[in-house]
Each structure stands twice: as C-alpha cells, then as structure tokens.
$ cat data_6.cif   # mmCIF, C-alpha atoms
data_query
#
loop_
_atom_site.label_atom_id
_atom_site.label_comp_id
_atom_site.auth_asym_id
_atom_site.auth_seq_id
_atom_site.Cartn_x
_atom_site.Cartn_y
_atom_site.Cartn_z
CA GLU T 28 -4.38 -16.90 -22.88
CA GLN T 29 -0.72 -17.83 -22.41
CA MET T 30 -1.75 -21.10 -20.77
CA GLN T 31 -4.04 -21.96 -23.67
CA GLN T 32 -1.28 -21.12 -26.17
CA ARG T 33 0.91 -23.64 -24.38
CA GLY T 34 -1.82 -26.26 -24.55
CA LEU T 35 -2.73 -25.92 -20.86
CA GLU T 36 -6.35 -25.54 -19.81
CA PRO T 37 -7.08 -23.10 -16.97
CA ASN T 38 -9.08 -24.41 -14.02
CA VAL T 39 -11.40 -22.69 -11.55
CA ILE T 40 -8.45 -21.75 -9.33
CA THR T 41 -6.70 -20.06 -12.24
CA PHE T 42 -9.81 -18.17 -13.30
CA SER T 43 -10.63 -17.09 -9.74
CA ALA T 44 -7.09 -15.86 -9.04
CA THR T 45 -6.95 -13.91 -12.31
CA ILE T 46 -10.35 -12.31 -11.72
CA GLN T 47 -9.29 -11.38 -8.19
CA ALA T 48 -6.11 -9.80 -9.53
CA CYS T 49 -8.13 -7.57 -11.86
CA GLY T 50 -10.00 -5.77 -9.08
CA PRO T 51 -12.25 -2.75 -9.66
CA GLN T 52 -9.51 -1.09 -11.74
CA CYS T 53 -9.89 -3.74 -14.47
CA SER T 54 -13.55 -4.61 -13.95
CA THR T 55 -14.23 -5.01 -17.69
CA LYS T 56 -11.48 -7.62 -18.03
CA ALA T 57 -12.74 -9.34 -14.87
CA ALA T 58 -16.25 -9.51 -16.32
CA LYS T 59 -14.95 -11.05 -19.55
CA LEU T 60 -12.99 -13.67 -17.60
CA PHE T 61 -16.07 -14.52 -15.55
CA GLN T 62 -18.07 -14.88 -18.77
CA GLN T 63 -15.44 -17.30 -20.08
CA LEU T 64 -15.64 -19.26 -16.84
CA GLU T 65 -19.43 -19.40 -17.10
CA ALA T 66 -19.23 -20.50 -20.73
CA SER T 67 -16.93 -23.40 -19.90
CA SER T 68 -18.57 -26.80 -19.98
CA SER T 69 -15.87 -28.40 -17.84
CA ILE T 70 -15.39 -25.81 -15.07
CA ASP T 71 -17.93 -24.67 -12.51
CA ALA T 72 -17.61 -21.36 -10.71
CA ASN T 73 -17.42 -21.65 -6.93
CA ILE T 74 -17.70 -19.23 -4.01
CA VAL T 75 -14.11 -18.05 -4.57
CA SER T 76 -14.99 -17.15 -8.18
CA PHE T 77 -18.15 -15.30 -7.16
CA ASN T 78 -16.38 -13.43 -4.37
CA ALA T 79 -13.63 -12.44 -6.80
CA ILE T 80 -15.98 -11.09 -9.48
CA LEU T 81 -18.05 -9.18 -6.91
CA ASP T 82 -14.87 -7.62 -5.54
CA ALA T 83 -14.24 -6.38 -9.08
CA LEU T 84 -17.79 -5.33 -9.98
CA TYR T 85 -19.32 -4.06 -6.73
CA LEU T 86 -19.30 -0.48 -8.06
CA ASP T 87 -21.61 -1.59 -10.90
CA GLY T 88 -24.62 -2.02 -8.64
CA VAL T 89 -27.04 -3.58 -11.12
CA HIS T 90 -24.53 -6.03 -12.62
CA ALA T 91 -23.14 -6.96 -9.21
CA ARG T 92 -26.63 -7.58 -7.84
CA ASP T 93 -27.45 -9.87 -10.76
CA ILE T 94 -24.32 -11.92 -10.08
CA LEU T 95 -25.10 -12.08 -6.36
CA LEU T 96 -28.60 -13.38 -7.07
CA LEU T 97 -27.17 -15.87 -9.57
CA GLY T 98 -24.91 -17.15 -6.80
CA VAL T 99 -27.92 -17.41 -4.48
CA GLU T 100 -29.89 -19.31 -7.14
CA ARG T 101 -27.06 -21.82 -7.54
CA GLY T 102 -26.56 -22.28 -3.83
CA ILE T 103 -23.14 -20.61 -3.86
CA TYR T 104 -24.41 -18.17 -1.24
CA SER T 105 -26.79 -20.41 0.65
CA ASN T 106 -28.70 -19.70 3.84
CA PHE T 107 -27.14 -16.29 4.36
CA VAL T 108 -30.55 -14.71 4.95
CA ASP T 109 -32.64 -15.59 8.00
CA TRP T 110 -36.11 -14.05 8.07
CA GLY T 111 -36.77 -14.94 11.72
CA PRO T 112 -38.28 -12.56 14.33
CA THR T 113 -34.91 -10.80 14.30
CA PRO T 114 -33.74 -10.91 10.67
CA ARG T 115 -30.12 -11.91 10.23
CA LEU T 116 -27.65 -11.51 7.39
CA ASP T 117 -24.73 -13.95 7.64
CA LEU T 118 -21.81 -12.66 5.57
CA HIS T 119 -18.89 -14.52 7.09
CA ASN T 120 -18.25 -16.44 3.82
CA PHE T 121 -18.42 -13.28 1.72
CA SER T 122 -15.62 -11.14 0.37
CA GLU T 123 -15.82 -7.38 0.91
CA GLY T 124 -17.31 -6.68 -2.53
CA ALA T 125 -19.81 -9.52 -2.19
CA ALA T 126 -20.80 -8.32 1.29
CA GLU T 127 -21.33 -4.74 0.11
CA THR T 128 -23.51 -5.99 -2.75
CA ALA T 129 -25.52 -8.18 -0.36
CA VAL T 130 -26.05 -5.40 2.19
CA ARG T 131 -27.20 -2.94 -0.46
CA TRP T 132 -29.55 -5.55 -1.93
CA TRP T 133 -30.92 -6.33 1.54
CA PHE T 134 -31.78 -2.72 2.34
CA GLU T 135 -32.85 -1.57 -1.12
CA GLU T 136 -34.87 -4.64 -2.17
CA GLY T 137 -34.95 -7.45 0.38
CA LEU T 138 -36.33 -5.66 3.43
CA PRO T 139 -38.77 -3.35 1.56
CA SER T 140 -40.28 -6.30 -0.33
CA ARG T 141 -40.55 -8.26 2.93
CA LYS T 142 -42.30 -5.34 4.61
CA ALA T 143 -44.94 -5.29 1.87
CA ASP T 144 -45.89 -8.89 2.76
CA ALA T 145 -45.70 -8.52 6.55
CA THR T 146 -48.12 -7.12 9.11
CA ASP T 147 -45.33 -5.62 11.22
CA SER T 148 -41.76 -4.49 10.61
CA PRO T 149 -38.75 -5.72 12.62
CA CYS T 150 -36.92 -2.97 14.51
CA ARG T 151 -33.64 -4.85 14.79
CA LEU T 152 -31.35 -6.61 12.35
CA GLU T 153 -28.21 -8.63 12.95
CA ILE T 154 -25.35 -8.76 10.47
CA ILE T 155 -22.77 -11.51 10.99
CA THR T 156 -19.31 -10.76 9.62
CA GLY T 157 -17.26 -13.22 11.62
CA TRP T 158 -13.80 -12.48 12.96
CA GLY T 159 -10.46 -14.16 13.49
CA LYS T 160 -10.49 -17.88 12.75
CA SER T 161 -14.21 -17.85 11.93
CA ARG T 162 -13.40 -16.01 8.68
CA PRO T 163 -12.47 -18.46 5.85
CA CYS T 164 -9.33 -17.88 3.80
CA HIS T 165 -11.35 -17.10 0.65
CA ALA T 166 -13.04 -14.16 2.42
CA GLU T 167 -10.10 -12.12 3.65
CA GLY T 168 -10.22 -8.36 4.31
CA ASP T 169 -11.82 -5.98 6.78
CA LEU T 170 -15.37 -7.18 6.27
CA LEU T 171 -16.69 -5.57 9.46
CA GLY T 172 -15.26 -2.19 8.50
CA ARG T 173 -16.62 -2.49 4.96
CA VAL T 174 -20.13 -3.30 6.19
CA LYS T 175 -20.06 -0.37 8.64
CA THR T 176 -19.05 1.96 5.80
CA VAL T 177 -21.93 0.74 3.62
CA LEU T 178 -24.42 1.15 6.47
CA ASP T 179 -23.17 4.70 7.03
CA CYS T 180 -23.63 5.45 3.31
CA LEU T 181 -27.19 4.12 3.53
CA ASP T 182 -27.79 6.22 6.67
CA VAL T 183 -28.57 3.14 8.75
CA SER T 184 -27.92 3.25 12.50
CA HIS T 185 -25.81 0.40 13.87
CA PHE T 186 -23.84 -0.57 16.94
CA HIS T 187 -21.55 -3.35 18.16
CA SER T 188 -22.77 -6.30 20.17
CA ASP T 189 -21.02 -8.52 22.69
CA ASN T 190 -20.08 -10.66 19.69
CA PRO T 191 -17.08 -8.97 17.96
CA GLY T 192 -18.14 -10.57 14.68
CA MET T 193 -21.65 -9.14 14.65
CA LEU T 194 -23.24 -5.74 14.05
CA VAL T 195 -26.70 -4.86 15.32
CA VAL T 196 -28.78 -2.54 13.15
CA ASP T 197 -31.51 -0.25 14.47
CA LEU T 198 -34.24 -0.33 11.82
CA SER T 199 -36.79 1.95 13.52
CA HIS T 200 -35.54 5.20 11.97
CA TRP T 201 -34.72 3.49 8.68
CA TRP T 202 -38.33 2.27 8.24
CA LYS T 203 -39.58 5.83 8.74
CA ALA T 204 -37.17 7.05 6.05
CA VAL T 205 -38.44 4.32 3.70
CA GLU T 206 -42.05 5.41 4.30
CA VAL T 207 -41.14 9.03 3.60
CA ARG T 208 -39.40 8.10 0.35
CA ALA T 209 -42.37 5.96 -0.68
CA ALA T 210 -44.76 8.84 0.02
CA VAL T 211 -42.64 11.22 -2.03
CA THR T 212 -42.46 8.70 -4.88
CA ASN T 213 -46.25 8.22 -4.86
CA GLU T 214 -46.74 11.96 -4.92
CA GLU T 215 -44.34 12.32 -7.84
CA VAL T 216 -46.20 9.58 -9.73
CA ALA T 217 -49.53 11.32 -9.09
CA VAL T 218 -48.13 14.64 -10.34
CA ALA T 219 -46.70 12.95 -13.44
CA LYS T 220 -50.09 11.37 -14.21
CA GLU T 221 -51.79 14.74 -13.90
CA GLU T 222 -49.22 16.29 -16.25
CA VAL T 223 -49.87 13.52 -18.79
CA LYS T 224 -53.62 14.18 -18.58
CA MET T 225 -53.03 17.91 -19.01
CA VAL T 226 -50.84 17.41 -22.07
CA ALA T 227 -53.40 15.02 -23.57
CA GLY T 228 -56.14 17.60 -22.96
CA VAL T 229 -54.15 20.34 -24.65
CA LYS T 230 -53.48 18.10 -27.65
CA GLU T 231 -57.19 17.30 -27.93
CA VAL T 232 -58.07 21.02 -27.90
CA VAL T 233 -55.49 21.73 -30.59
CA VAL T 234 -56.80 18.89 -32.78
CA ARG T 235 -60.40 20.06 -32.46
CA SER T 236 -59.40 23.63 -33.23
CA ALA T 237 -57.57 22.48 -36.34
CA GLU T 238 -60.57 20.43 -37.45
CA LYS T 239 -62.91 23.43 -37.07
CA LYS T 240 -60.63 25.61 -39.13
CA ALA T 241 -60.42 22.92 -41.80
CA ASN T 242 -64.21 22.76 -42.01
#
$ encode --input "data_6.cif" --output "structure tokens"
Amino acid sequence: EQMQQRGLEPNVITFSATIQACGPQCSTKAAKLFQQLEASSSIDANIVSFNAILDALYLDGVHARDILLLGVERGIYSNFVDWGPTPRLDLHNFSEGAAETAVRWWFEEGLPSRKADATDSPCRLEIITGWGKSRPCHAEGDLLGRVKTVLDCLDVSHFHSDNPGMLVVDLSHWWKAVEVRAAVTNEEVAVAKEEVKMVAGVKEVVVRSAEKKAN
C-alpha cells in the first residue's frame, strides 16, 4: 500500500516476499495479498509466490489444496508426480507448506483415486525432498523433517534410503488401513440409508393415521 501511495507498482518479487513474511500467523492477510496478485493483469504468480502462500495457508487444508491444484494446472508445480511402477513424489522445488499440502493431497486423494482405477496397488512409494545444493533457494527449510512429520501424522511407515534426499514409504499397511476406513464408511452409509427408510415409514404411518381420524 505504501508503494502504491508513492506511485510505485509492486512486482511479483514484492508480493511474494510480503506473503512469505505473513506466515501462518497472518494467513488472512496473506490470502488477500495473493488475491491481489492473482487479480493483477500485469503480474503473474510464480513458484515463489505459490510456495509463499502455501507456507501461510497450509493449516487451511481445503484452501491450500485448491491453491496447490491451481499451481499444478498452470504448470507451476509440473511433473512432481510420477505414476510409474514405484510411484514417486518429487518435492525438491517445494517449500515446507507446499510439500505438506502435496503429501496430504497425495495420500488422501491422489493414491486412493489411483487405486480405484488400478488392478493392483503399489507397496512402495518414493518421496524426493532433495538436500544440500540440490535444494533451490526459493525452497529453503527442513523439508525432509517436515515430510517425515506429516507422514507420522498420517500413520504412514517410512524409512531412509541410500539417497539422503529421499524417503521410502511402505504402503502395505497403509492400504489395509484405507480398506478398513472404506468398509466402515460403507457400513455407516448403509446404516444411514436404513434410518432414512425407517423415518419415512414412520411418517407414512402417522399420515395415514391422521387421514383415518379425519375421515
């Protein structure tokens, strides 16, 4: 605002730095700044901008996921998913908040939807975080530690590989947990449908009883 009052137009670097400075503590302000950046006809958000806003909004899972997928749609986060025989998630260009959002999306939506279309389920997953000089300057922070924390929260088994910038995930137990949750959900849906039928039946009996009394 001060720049605009002085007749100076902010650029993508200014927006990105200001959004990054907001952090999760000022996520509402960060979101407004990102909206202003998106509304600009002369400035295009880049990977630094997206990393910054996801660092600020990662706690807002739905909103953060929408922004991540917007970045994927625009090619900001390109080719970070490999659906080969051993699926791979390449996060070395991601900030910590962006990586957490991507990992949660992968396990909560990406893998389950892939399983529905596949005849078999992979038992191993590789997550690339990079390390040392392989990590770009716009993606600073303890990305490996952040990803491990998210995997622990999701109750996903993981271990280190010979590559210090890669985590290997054991999906065998996780798939079983997904199947159990799906079975419980299906059972809950079936129970809910039966309850709806029961309520409808009771209402029908009450209506008929009222009609008889009226006659």
$ resolve_selection --input "data_6.cif" --expression "the PyMOL selection byres ((chain T and resi 183-193) around 10)" --output "MDAnalysis selection string"
chainID T and resid 115:119 134 151:159 161:162 170:171 175 177:182 194:202 204
$ resolve_selection --input "data_6.cif" --expression "the PyMOL selection byres ((chain T and resi 54) around 10)" --output "PyMOL selection string"
chain T and resi 46-47+49-53+55-60+80-87
$ atom_distance --input "data_6.cif" --atom1 "CA of Thr113 (chain T)" --atom2 "CA of Asp169 (chain T)"
24.8 Å
$ closest_residue --input "data_6.cif" --among "T:Val174, T:Ala48, T:Ser76, T:Gly111" --to "Arg141 (chain T)" --atoms "all atoms listed in the file"
T:Gly111
$ residues_around --input "data_6.cif" --residues "region 63-74 of chain T" --least-positions-apart "6" --cutoff "10 Å" --atoms "all atoms listed in the file" --output "list in words"
Pro37, Asn38, Val39, Ile40, Phe42, Ser43, Ala57, Ile80, Gly98, Arg101, Gly102, Ile103, Tyr104, Asn120, Phe121, Ser122, His165 and Ala166 of chain T
$ atom_distance --input "data_6.cif" --atom1 "CA of Ala129 (chain T)" --atom2 "CA of Thr41 (chain T)"
25.2 Å
$ atom_distance --input "data_6.cif" --atom1 "CA of Trp110 (chain T)" --atom2 "CA of Pro139 (chain T)"
12.8 Å
$ closest_residue --input "data_6.cif" --among "T:Cys150, T:Ala79, T:Val108, T:Val99" --to "Glu123 (chain T)" --atoms "all atoms listed in the file"
T:Ala79
$ build_atoms --input "data_6.cif" --residues "region 104-123 of chain T" --atoms "N, CA, C and O atoms" --output "mmCIF file, keeping the file's coordinate frame"
data_model
loop_
_atom_site.group_PDB
_atom_site.id
_atom_site.type_symbol
_atom_site.label_atom_id
_atom_site.label_comp_id
_atom_site.auth_asym_id
_atom_site.auth_seq_id
_atom_site.Cartn_x
_atom_site.Cartn_y
_atom_site.Cartn_z
ATOM 1 N N TYR T 104 -24.142 -18.902 -2.480
ATOM 2 C CA TYR T 104 -24.410 -18.170 -1.240
ATOM 3 C C TYR T 104 -25.712 -18.723 -0.670
ATOM 4 O O TYR T 104 -26.796 -18.252 -0.998
ATOM 5 N N SER T 105 -25.586 -19.739 0.145
ATOM 6 C CA SER T 105 -26.790 -20.410 0.650
ATOM 7 C C SER T 105 -27.025 -20.071 2.123
ATOM 8 O O SER T 105 -26.083 -19.941 2.907
ATOM 9 N N ASN T 106 -28.282 -19.911 2.453
ATOM 10 C CA ASN T 106 -28.700 -19.700 3.840
ATOM 11 C C ASN T 106 -28.044 -18.498 4.511
ATOM 12 O O ASN T 106 -27.796 -18.512 5.717
ATOM 13 N N PHE T 107 -27.740 -17.467 3.739
ATOM 14 C CA PHE T 107 -27.140 -16.290 4.360
ATOM 15 C C PHE T 107 -28.198 -15.306 4.849
ATOM 16 O O PHE T 107 -27.885 -14.351 5.564
ATOM 17 N N VAL T 108 -29.453 -15.546 4.496
ATOM 18 C CA VAL T 108 -30.550 -14.710 4.950
ATOM 19 C C VAL T 108 -31.457 -15.510 5.865
ATOM 20 O O VAL T 108 -31.889 -16.605 5.519
ATOM 21 N N ASP T 109 -31.717 -14.973 7.049
ATOM 22 C CA ASP T 109 -32.640 -15.590 8.000
ATOM 23 C C ASP T 109 -33.751 -14.599 8.286
ATOM 24 O O ASP T 109 -33.508 -13.526 8.838
ATOM 25 N N TRP T 110 -34.977 -14.960 7.890
ATOM 26 C CA TRP T 110 -36.110 -14.050 8.070
ATOM 27 C C TRP T 110 -36.860 -14.344 9.378
ATOM 28 O O TRP T 110 -38.071 -14.275 9.446
ATOM 29 N N GLY T 111 -36.143 -14.674 10.438
ATOM 30 C CA GLY T 111 -36.770 -14.940 11.720
ATOM 31 C C GLY T 111 -37.302 -13.667 12.362
ATOM 32 O O GLY T 111 -37.293 -12.588 11.749
ATOM 33 N N PRO T 112 -37.767 -13.752 13.617
ATOM 34 C CA PRO T 112 -38.280 -12.560 14.330
ATOM 35 C C PRO T 112 -37.271 -11.419 14.326
ATOM 36 O O PRO T 112 -37.640 -10.251 14.213
ATOM 37 N N THR T 113 -35.987 -11.777 14.472
ATOM 38 C CA THR T 113 -34.910 -10.800 14.300
ATOM 39 C C THR T 113 -34.144 -11.193 13.047
ATOM 40 O O THR T 113 -33.331 -12.124 13.067
ATOM 41 N N PRO T 114 -34.404 -10.541 11.927
ATOM 42 C CA PRO T 114 -33.740 -10.910 10.670
ATOM 43 C C PRO T 114 -32.219 -10.887 10.802
ATOM 44 O O PRO T 114 -31.668 -10.055 11.519
ATOM 45 N N ARG T 115 -31.575 -11.802 10.120
ATOM 46 C CA ARG T 115 -30.120 -11.910 10.230
ATOM 47 C C ARG T 115 -29.517 -12.108 8.853
ATOM 48 O O ARG T 115 -30.029 -12.859 8.031
ATOM 49 N N LEU T 116 -28.404 -11.395 8.634
ATOM 50 C CA LEU T 116 -27.650 -11.510 7.390
ATOM 51 C C LEU T 116 -26.283 -12.070 7.745
ATOM 52 O O LEU T 116 -25.509 -11.426 8.452
ATOM 53 N N ASP T 117 -25.989 -13.282 7.298
ATOM 54 C CA ASP T 117 -24.730 -13.950 7.640
ATOM 55 C C ASP T 117 -23.762 -13.816 6.479
ATOM 56 O O ASP T 117 -23.912 -14.476 5.443
ATOM 57 N N LEU T 118 -22.738 -12.985 6.658
ATOM 58 C CA LEU T 118 -21.810 -12.660 5.570
ATOM 59 C C LEU T 118 -20.409 -13.212 5.800
ATOM 60 O O LEU T 118 -19.484 -12.803 5.092
ATOM 61 N N HIS T 119 -20.256 -14.140 6.732
ATOM 62 C CA HIS T 119 -18.890 -14.520 7.090
ATOM 63 C C HIS T 119 -18.172 -15.283 5.978
ATOM 64 O O HIS T 119 -16.950 -15.403 6.007
ATOM 65 N N ASN T 120 -18.893 -15.786 4.972
ATOM 66 C CA ASN T 120 -18.250 -16.440 3.820
ATOM 67 C C ASN T 120 -18.074 -15.497 2.632
ATOM 68 O O ASN T 120 -17.629 -15.924 1.574
ATOM 69 N N PHE T 121 -18.438 -14.245 2.827
ATOM 70 C CA PHE T 121 -18.420 -13.280 1.720
ATOM 71 C C PHE T 121 -17.117 -12.488 1.709
ATOM 72 O O PHE T 121 -16.532 -12.200 2.743
ATOM 73 N N SER T 122 -16.716 -12.096 0.504
ATOM 74 C CA SER T 122 -15.620 -11.140 0.370
ATOM 75 C C SER T 122 -16.195 -9.744 0.619
ATOM 76 O O SER T 122 -17.408 -9.563 0.766
ATOM 77 N N GLU T 123 -15.345 -8.735 0.650
ATOM 78 C CA GLU T 123 -15.820 -7.380 0.910
ATOM 79 C C GLU T 123 -16.796 -6.902 -0.170
ATOM 80 O O GLU T 123 -17.847 -6.324 0.121
#
